[in-house]
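Undergrad: Can you read through this structure? Questions will come right after.
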Amino acid sequence: MDAFTAGLLQRIKTTESDLSRARDEGDEFLVEVELGELDDLRRLAAEHGVEVDATGV
């Protein structure tokens with residue numbers, strides 16, 4: 001696995017964790033921010049052929 005792929009997968013994992021924490025805390029604004037970030041990261045992964053399963057990494 002190259003550095004780009006590893007970094008991207010780590011960013012997805014971190015963002016999913018942050019999203020979960022925001023949901024648990026009831027922070028609706030942060031939930032929206034994290035969802036946007038996660039969408040962007042998954043789109044980037046798809047554009048570069050990086051497979052991300054339904055539950056994340």
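Numbering starts fresh at 1 for the residues of each chain in the structure tokens, the chains themselves are lettered A, B, ... in the order given, and ligands are numbered from 1 as they appear.
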Name the residues of chain A that fall into alpha helix (DSSP H) according to DSSP on the backbone, using the chain letters and numbers of this document, as a PyMOL selection string.

TA: chain A and resi 3-25+28-47

Undergrad: Can you pull out every residue within 10 Å of region 25-38 of chain A, counting only C-alpha atoms, but drop anything in the same chain fewer than 5 positions away, and send it as a list in words?

TA: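 In the requested format, the answer is Arg11, Ile12, Lys13, Thr14, Thr15, Glu16, Ser17, Asp18, Leu19, Ser20, Arg43, Leu44 and Gly56 of chain A.
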
Undergrad: Within 9 Å of Leu8 (chain A), counting only C-alpha atoms, which residues show up once you throw out same-chain ones fewer than 5 positions away? Write them as number ranges by chain, please.

TA: A: 3, 13, 41-42, 44-45, 50

Undergrad: Any idea what the distance is between CA of Met1 (chain A) and CA of Val52 (chain A)?

TA: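 Computing the Euclidean distance for CA of Met1 (chain A) and CA of Val52 (chain A) yields 13.6 Å.
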